[in-house]
file run.pdb (PDB, C-alpha atoms)
ATOM      1  CA  MET B   1     -10.937   6.940  -0.206
ATOM      2  CA  SER B   2      -8.161   8.764  -2.035
ATOM      3  CA  SER B   3      -8.094  11.375   0.752
ATOM      4  CA  GLU B   4      -7.036   8.621   3.183
ATOM      5  CA  ILE B   5      -3.909   7.670   1.223
ATOM      6  CA  ILE B   6      -0.649   8.156   3.160
ATOM      7  CA  TRP B   7       2.066   9.625   0.923
ATOM      8  CA  GLU B   8       5.829   9.209   1.153
ATOM      9  CA  LYS B   9       8.832   9.583  -1.156
ATOM     10  CA  LEU B  10       9.005   6.869  -3.828
ATOM     11  CA  ASN B  11      12.774   7.210  -4.196
ATOM     12  CA  PRO B  12      14.128   8.870  -1.017
ATOM     13  CA  ALA B  13      17.625   9.054  -2.532
ATOM     14  CA  ARG B  14      16.394  11.833  -4.854
ATOM     15  CA  GLY B  15      15.191  13.993  -1.988
ATOM     16  CA  ASN B  16      12.655  16.633  -3.071
ATOM     17  CA  GLN B  17      12.994  15.497  -6.686
ATOM     18  CA  SER B  18      11.396  12.165  -5.811
ATOM     19  CA  PRO B  19       7.830  11.324  -6.874
ATOM     20  CA  LEU B  20       5.406  10.547  -4.059
ATOM     21  CA  ALA B  21       3.978   7.077  -3.418
ATOM     22  CA  GLY B  22       0.840   6.003  -1.591
ATOM     23  CA  THR B  23       0.274   2.306  -0.956
ATOM     24  CA  ILE B  24      -3.160   0.795  -1.654
ATOM     25  CA  TRP B  25      -2.336  -2.860  -1.013
ATOM     26  CA  GLY B  26       0.770  -4.843  -0.117
ATOM     27  CA  ASN B  27       4.169  -3.367   0.725
ATOM     28  CA  ARG B  28       6.525  -2.253  -2.026
ATOM     29  CA  ASN B  29       9.475  -2.647   0.378
ATOM     30  CA  GLY B  30       8.472  -6.233   1.161
ATOM     31  CA  THR B  31       8.082  -9.351  -0.967
ATOM     32  CA  THR B  32       4.316  -9.413  -1.590
ATOM     33  CA  ALA B  33       2.237  -8.250  -4.553
ATOM     34  CA  THR B  34       1.713  -4.505  -4.180
ATOM     35  CA  GLY B  35      -0.330  -1.702  -5.701
ATOM     36  CA  PHE B  36       0.493   1.943  -5.054
ATOM     37  CA  LEU B  37      -0.270   5.386  -6.421
ATOM     38  CA  ALA B  38       2.606   7.468  -7.776
ATOM     39  CA  LYS B  39       2.428  11.276  -8.033
ATOM     40  CA  PHE B  40       4.700  13.341 -10.274
ATOM     41  CA  VAL B  41       5.127  17.127 -10.414
ATOM     42  CA  ASP B  42       4.626  18.992 -13.682
ATOM     43  CA  GLY B  43       7.779  18.715 -15.794
ATOM     44  CA  PHE B  44       9.154  15.703 -13.883
ATOM     45  CA  SER B  45      11.683  13.608 -15.786
ATOM     46  CA  SER B  46      13.697  10.822 -14.209
ATOM     47  CA  PRO B  47      17.276   9.977 -15.121
ATOM     48  CA  PRO B  48      17.695   6.694 -17.024
ATOM     49  CA  HIS B  49      17.344   3.814 -14.580
ATOM     50  CA  ILE B  50      16.147   0.213 -14.176
ATOM     51  CA  HIS B  51      13.974  -1.663 -11.708
ATOM     52  CA  ASN B  52      14.658  -5.037 -10.139
ATOM     53  CA  VAL B  53      11.062  -6.161 -10.815
ATOM     54  CA  THR B  54       8.598  -5.792 -13.670
ATOM     55  CA  TYR B  55       5.750  -3.378 -13.043
ATOM     56  CA  ARG B  56       2.426  -2.518 -14.687
ATOM     57  CA  ALA B  57       0.827   0.917 -14.541
ATOM     58  CA  VAL B  58      -2.307   2.870 -15.433
ATOM     59  CA  VAL B  59      -2.412   6.644 -15.943
ATOM     60  CA  ILE B  60      -4.985   8.265 -13.637
ATOM     61  CA  LYS B  61      -4.265  11.994 -14.005
ATOM     62  CA  GLY B  62      -2.175  14.171 -16.302
ATOM     63  CA  ALA B  63       0.115  12.852 -19.022
ATOM     64  CA  ILE B  64       2.949  10.375 -18.512
ATOM     65  CA  HIS B  65       5.752   9.202 -20.794
ATOM     66  CA  ASN B  66       7.591   5.944 -20.068
ATOM     67  CA  ASP B  67      10.048   4.586 -22.622
ATOM     68  CA  ASP B  68      13.631   4.063 -23.716
ATOM     69  CA  PRO B  69      15.825   7.065 -22.800
ATOM     70  CA  ASN B  70      16.316   7.931 -26.486
ATOM     71  CA  ALA B  71      12.680   7.527 -27.557
ATOM     72  CA  GLU B  72      10.519  10.442 -28.687
ATOM     73  CA  LYS B  73       7.996  11.483 -26.047
ATOM     74  CA  MET B  74       4.696   9.596 -26.276
ATOM     75  CA  TRP B  75       2.368  11.176 -23.723
ATOM     76  CA  MET B  76      -0.147   8.710 -22.297
ATOM     77  CA  LYS B  77      -3.414  10.197 -21.030
ATOM     78  CA  PRO B  78      -5.724   8.860 -18.258
ATOM     79  CA  GLY B  79      -6.924   5.335 -18.970
ATOM     80  CA  SER B  80      -3.683   4.356 -20.735
ATOM     81  CA  PHE B  81      -1.847   1.202 -19.638
ATOM     82  CA  TRP B  82       1.841   0.315 -19.771
ATOM     83  CA  THR B  83       4.297  -2.291 -18.547
ATOM     84  CA  GLN B  84       7.975  -1.894 -17.691
ATOM     85  CA  PRO B  85      10.109  -5.067 -17.724
ATOM     86  CA  GLN B  86      12.648  -5.583 -14.975
ATOM     87  CA  GLY B  87      16.230  -4.760 -15.906
ATOM     88  CA  GLU B  88      15.371  -2.538 -18.902
ATOM     89  CA  SER B  89      16.737   1.010 -19.031
ATOM     90  CA  HIS B  90      14.026   3.672 -19.301
ATOM     91  CA  ILE B  91      12.907   7.105 -18.193
ATOM     92  CA  THR B  92       9.576   8.314 -16.799
ATOM     93  CA  ALA B  93       8.333  11.856 -17.392
ATOM     94  CA  ALA B  94       5.123  13.737 -16.585
ATOM     95  CA  LYS B  95       3.355  16.934 -17.579
ATOM     96  CA  GLY B  96       0.171  18.491 -16.221
ATOM     97  CA  GLU B  97      -1.061  20.231 -13.079
ATOM     98  CA  GLU B  98      -1.700  16.824 -11.495
ATOM     99  CA  ASN B  99       0.035  13.645 -12.620
ATOM    100  CA  MET B 100      -0.782  10.337 -11.016
ATOM    101  CA  ALA B 101      -0.580   6.654 -11.933
ATOM    102  CA  LEU B 102      -1.463   3.323 -10.375
ATOM    103  CA  VAL B 103       1.614   1.067 -10.240
ATOM    104  CA  GLU B 104       1.520  -2.625  -9.359
ATOM    105  CA  ILE B 105       4.093  -5.377  -8.931
ATOM    106  CA  ASP B 106       3.638  -9.130  -8.488
ATOM    107  CA  ASN B 107       6.391  -9.312  -5.878
ATOM    108  CA  GLY B 108       8.732  -6.896  -4.142
ATOM    109  CA  PRO B 109      10.727  -5.134  -3.101
ATOM    110  CA  TYR B 110      10.406  -2.351  -5.698
ATOM    111  CA  LEU B 111      13.872  -0.856  -6.181
ATOM    112  CA  VAL B 112      15.470   1.741  -8.463
ATOM    113  CA  LYS B 113      18.924   0.780  -9.766
ATOM    114  CA  PRO B 114      21.526   2.319 -12.123
ATOM    115  CA  ILE B 115      21.528   1.441 -15.828
ATOM    116  CA  GLU B 116      24.958  -0.179 -15.406
ATOM    117  CA  GLU B 117      23.039  -3.101 -13.880
ATOM    118  CA  SER B 118      20.591  -3.402 -16.809
ATOM    119  CA  PHE B 119      19.776  -6.804 -18.287
ATOM    120  CA  ASP B 120      17.313  -8.403 -20.716
ATOM    121  CA  ASN B 121      14.914 -10.843 -19.049
ATOM    122  CA  GLY B 122      13.069 -11.603 -22.303
ATOM    123  CA  GLU B 123      10.025  -9.430 -21.606
ATOM    124  CA  ARG B 124       9.096  -6.510 -23.842
ATOM    125  CA  PRO B 125       7.395  -3.284 -22.741
ATOM    126  CA  VAL B 126       3.773  -2.569 -23.634
ATOM    127  CA  ASN B 127       2.319   0.912 -24.064
ATOM    128  CA  VAL B 128      -1.431   1.023 -24.765
ATOM    129  CA  ASP B 129      -2.967   4.455 -25.268
ATOM    130  CA  ALA B 130      -6.460   4.889 -23.822
ATOM    131  CA  ALA B 131      -7.811   5.290 -27.369
ATOM    132  CA  ASN B 132      -6.479   1.839 -28.332
ATOM    133  CA  VAL B 133      -8.028  -0.195 -25.498
ATOM    134  CA  VAL B 134     -10.283  -2.950 -26.914
ATOM    135  CA  TRP B 135     -13.678  -3.106 -25.168
ATOM    136  CA  LEU B 136     -16.113  -6.025 -24.906
ATOM    137  CA  SER B 137     -19.852  -5.674 -24.294
ATOM    138  CA  SER B 138     -22.353  -8.160 -22.853
ATOM    139  CA  GLU B 139     -22.743  -9.544 -26.381
ATOM    140  CA  GLN B 140     -19.079 -10.564 -26.409
ATOM    141  CA  THR B 141     -18.484 -11.788 -22.842
ATOM    142  CA  ASN B 142     -20.593 -13.554 -20.221
ATOM    143  CA  TRP B 143     -18.852 -11.577 -17.473
ATOM    144  CA  ILE B 144     -21.490  -8.849 -18.040
ATOM    145  CA  ASP B 145     -25.232  -9.494 -17.705
ATOM    146  CA  THR B 146     -27.340  -8.818 -20.781
ATOM    147  CA  LYS B 147     -29.212  -5.901 -19.138
ATOM    148  CA  SER B 148     -26.056  -3.861 -18.656
ATOM    149  CA  ASN B 149     -24.293  -1.403 -20.933
ATOM    150  CA  ALA B 150     -21.059  -1.855 -18.975
ATOM    151  CA  GLU B 151     -17.941  -2.853 -20.883
ATOM    152  CA  ILE B 152     -14.813  -4.784 -19.971
ATOM    153  CA  SER B 153     -11.261  -5.073 -21.270
ATOM    154  CA  PHE B 154      -8.841  -7.872 -20.355
ATOM    155  CA  LEU B 155      -5.371  -6.321 -20.025
ATOM    156  CA  TRP B 156      -3.097  -9.092 -18.748
ATOM    157  CA  GLU B 157      -3.018 -12.529 -17.110
ATOM    158  CA  ASN B 158      -0.153 -14.245 -15.311
ATOM    159  CA  LYS B 159      -0.137 -17.344 -13.097
ATOM    160  CA  GLY B 160      -3.857 -17.146 -12.361
ATOM    161  CA  SER B 161      -3.944 -13.409 -11.649
ATOM    162  CA  LYS B 162      -5.348 -10.910 -14.138
ATOM    163  CA  GLY B 163      -5.862  -7.196 -14.663
ATOM    164  CA  ILE B 164      -9.139  -5.856 -16.061
ATOM    165  CA  PHE B 165     -10.600  -2.506 -17.031
ATOM    166  CA  VAL B 166     -14.324  -2.070 -16.295
ATOM    167  CA  LYS B 167     -16.307   0.816 -17.756
ATOM    168  CA  LEU B 168     -19.551   1.661 -15.948
ATOM    169  CA  PRO B 169     -21.930   4.003 -17.835
ATOM    170  CA  LYS B 170     -23.627   7.046 -16.341
ATOM    171  CA  GLY B 171     -26.611   5.954 -14.248
ATOM    172  CA  PHE B 172     -25.213   2.480 -13.508
ATOM    173  CA  LYS B 173     -26.738   0.918 -10.397
ATOM    174  CA  GLY B 174     -25.843  -2.636  -9.572
ATOM    175  CA  ALA B 175     -22.978  -4.790  -8.372
ATOM    176  CA  ILE B 176     -19.724  -6.429  -9.304
ATOM    177  CA  ASN B 177     -19.684  -9.967  -7.927
ATOM    178  CA  THR B 178     -16.260 -11.467  -7.274
ATOM    179  CA  ASP B 179     -15.080 -14.928  -6.241
ATOM    180  CA  GLY B 180     -11.315 -14.424  -6.013
ATOM    181  CA  THR B 181      -9.269 -14.520  -2.827
ATOM    182  CA  VAL B 182      -7.522 -11.401  -4.155
ATOM    183  CA  VAL B 183      -9.679  -8.530  -5.417
ATOM    184  CA  HIS B 184      -8.538  -4.928  -5.675
ATOM    185  CA  GLY B 185     -10.579  -2.299  -7.514
ATOM    186  CA  VAL B 186      -9.229   1.203  -8.149
ATOM    187  CA  VAL B 187     -11.149   4.134  -9.636
ATOM    188  CA  ILE B 188      -9.232   5.522 -12.611
ATOM    189  CA  ARG B 189     -11.786   8.041 -13.867
ATOM    190  CA  GLY B 190     -15.083   9.430 -12.543
ATOM    191  CA  GLU B 191     -16.738   9.075  -9.139
ATOM    192  CA  LEU B 192     -18.363   5.944  -7.780
ATOM    193  CA  LYS B 193     -20.713   5.443  -4.837
ATOM    194  CA  TYR B 194     -19.768   2.297  -2.908
ATOM    195  CA  THR B 195     -22.219   0.881  -0.335
ATOM    196  CA  LEU B 196     -20.582  -0.872   2.613
ATOM    197  CA  PRO B 197     -22.380  -4.188   3.335
ATOM    198  CA  GLN B 198     -21.879  -3.947   7.119
ATOM    199  CA  ASN B 199     -23.947  -0.790   7.698
ATOM    200  CA  GLN B 200     -25.117   0.383   4.243
ATOM    201  CA  GLU B 201     -22.942   3.500   4.551
ATOM    202  CA  LYS B 202     -22.109   5.021   1.167
ATOM    203  CA  LYS B 203     -18.560   6.055   0.364
ATOM    204  CA  THR B 204     -17.644   8.258  -2.591
ATOM    205  CA  LEU B 205     -14.610   6.904  -4.413
ATOM    206  CA  ASP B 206     -12.900   9.385  -6.735
ATOM    207  CA  PRO B 207      -9.767   8.704  -8.853
ATOM    208  CA  GLY B 208      -7.311   6.826  -6.653
ATOM    209  CA  GLY B 209     -10.082   5.539  -4.352
ATOM    210  CA  SER B 210     -10.297   1.774  -4.025
ATOM    211  CA  PHE B 211     -12.083  -1.276  -2.642
ATOM    212  CA  SER B 212     -10.891  -4.814  -1.864
ATOM    213  CA  SER B 213     -12.138  -8.237  -0.783
ATOM    214  CA  THR B 214     -10.529 -11.547   0.152
ATOM    215  CA  SER B 215     -13.342 -13.978  -0.636
ATOM    216  CA  LYS B 216     -16.570 -14.210  -2.605
ATOM    217  CA  ALA B 217     -18.212 -10.795  -2.371
ATOM    218  CA  ILE B 218     -20.865  -8.492  -3.801
ATOM    219  CA  HIS B 219     -19.607  -4.952  -4.385
ATOM    220  CA  ASP B 220     -22.649  -2.647  -4.441
ATOM    221  CA  LEU B 221     -21.922   0.259  -6.805
ATOM    222  CA  THR B 222     -23.775   3.293  -8.139
ATOM    223  CA  ASN B 223     -22.578   5.746 -10.745
ATOM    224  CA  PRO B 224     -24.738   8.883 -10.625
ATOM    225  CA  GLY B 225     -22.352  11.004 -12.707
ATOM    226  CA  ARG B 226     -20.264  10.590 -15.802
ATOM    227  CA  GLU B 227     -18.787   7.324 -17.008
ATOM    228  CA  VAL B 228     -16.548   5.552 -14.491
ATOM    229  CA  LEU B 229     -13.413   3.601 -15.357
ATOM    230  CA  LEU B 230     -12.218   0.957 -12.884
ATOM    231  CA  TYR B 231      -9.070  -1.145 -12.809
ATOM    232  CA  ILE B 232      -9.517  -4.524 -11.117
ATOM    233  CA  ARG B 233      -6.812  -7.009 -10.148
ATOM    234  CA  THR B 234      -8.067 -10.455  -9.161
ATOM    235  CA  ASN B 235      -7.198 -14.134  -9.145
ATOM    236  CA  GLY B 236     -10.799 -15.103  -9.826
ATOM    237  CA  ARG B 237     -13.754 -14.147 -11.964
ATOM    238  CA  ILE B 238     -16.000 -11.092 -11.850
ATOM    239  CA  GLU B 239     -19.613 -10.658 -12.918
ATOM    240  CA  ILE B 240     -21.166  -7.269 -13.607
ATOM    241  CA  ASN B 241     -24.875  -7.149 -12.777
ATOM    242  CA  GLU B 242     -27.090  -4.100 -13.272
ATOM    243  CA  LEU B 243     -30.452  -3.569 -11.592
TER
END
call {"tool": "encode", "arguments": {"input": "run.pdb", "output": "structure tokens"}}
result
Amino acid sequence: MSSEIIWEKLNPARGNQSPLAGTIWGNRNGTTATGFLAKFVDGFSSPPHIHNVTYRAVVIKGAIHNDDPNAEKMWMKPGSFWTQPQGESHITAAKGEENMALVEIDNGPYLVKPIEESFDNGERPVNVDAANVVWLSSEQTNWIDTKSNAEISFLWENKGSKGIFVKLPKGFKGAINTDGTVVHGVVIRGELKYTLPQNQEKKTLDPGGSFSSTSKAIHDLTNPGREVLLYIRTNGRIEINEL
């Protein structure tokens, strides 16, 4: 659950000016693929900097700007997706009472470096506002059963891994079946009831809450409230089945 996240400074060198980071999977100081939550105070703005690795991110709360240091502010709201190529100079800013994003890397460590070390690795940044996400229904993809009003959006794919948005409508009761050896699901918007298979205990996952599996699994989910948005990273396939 999001309340169980352990927070620490994302960039200790900035002291109290540093955003906070809470790891969901992996280890951003190690070499493995990692996903973590980043929290920013209202009015936060970083100095121009680069990273040694490319990262992807999804806005969960508040409004976040991430772009070239000289670019006009483009505030991304919850459900927006962006990528930041390694070596490219940029700033990150935030506004709102609560500002939080999911950040993921394919390999670590995740480091902040000065713009004097910037370089062009051939990648280009992507900023997708929540309003511009393209959604597919069960009529357009066989990853959703025909009884369900769920929707899916394929965001990225690289070396067998992929990132997906899943939108579960109010009243959804069913499961997401997965067959990947890497599956991480993070709630971006709304609240989801997750039933543990071991003892049928129900956990409430709010924004920042997550679930994972390492083999073929059935994730039993119920959405009693408003529409839920999930981000899923996997190296396999998912199937959305509604009862």
call {"tool": "resolve_selection", "arguments": {"input": "run.pdb", "expression": "the PyMOL selection byres ((chain B and resi 243) around 9)", "output": "MDAnalysis selection string"}}
result
chainID B and resid 147:148 172:175 241:242
call {"tool": "resolve_selection", "arguments": {"input": "run.pdb", "expression": "the PyMOL selection byres ((chain B and resi 89) around 6)", "output": "list in words"}}
result
His49, Ile50, Glu88, His90 and Ile115 of chain B
call {"tool": "write_last_selection", "arguments": {"input": "run.pdb", "atoms": "C-alpha atoms", "output": "mmCIF file, keeping the file's coordinate frame"}}
result
data_model
loop_
_atom_site.group_PDB
_atom_site.id
_atom_site.type_symbol
_atom_site.label_atom_id
_atom_site.label_comp_id
_atom_site.auth_asym_id
_atom_site.auth_seq_id
_atom_site.Cartn_x
_atom_site.Cartn_y
_atom_site.Cartn_z
ATOM 1 C CA HIS B 49 17.344 3.814 -14.580
ATOM 2 C CA ILE B 50 16.147 0.213 -14.176
ATOM 3 C CA GLU B 88 15.371 -2.538 -18.902
ATOM 4 C CA HIS B 90 14.026 3.672 -19.301
ATOM 5 C CA ILE B 115 21.528 1.441 -15.828
#
call {"tool": "closest_residue", "arguments": {"input": "run.pdb", "among": "B:Trp156, B:Tyr110, B:Phe211, B:Tyr194", "to": "Asn52 in chain B", "atoms": "only C-alpha atoms"}}
result
B:Tyr110
call {"tool": "resolve_selection", "arguments": {"input": "run.pdb", "expression": "the PyMOL selection byres ((chain B and resi 53) around 10)", "output": "list in words"}}
result
Ile50, His51, Asn52, Thr54, Tyr55, Gln84, Pro85, Gln86, Gly87, Glu88, Ile105, Asp106, Asn107, Gly108, Pro109, Tyr110, Leu111 and Val112 of chain B
call {"tool": "closest_residue", "arguments": {"input": "run.pdb", "among": "B:Thr146, B:Ser80, B:Ala33, B:Asp129", "to": "Thr234 in chain B", "atoms": "only C-alpha atoms"}}
result
B:Ala33
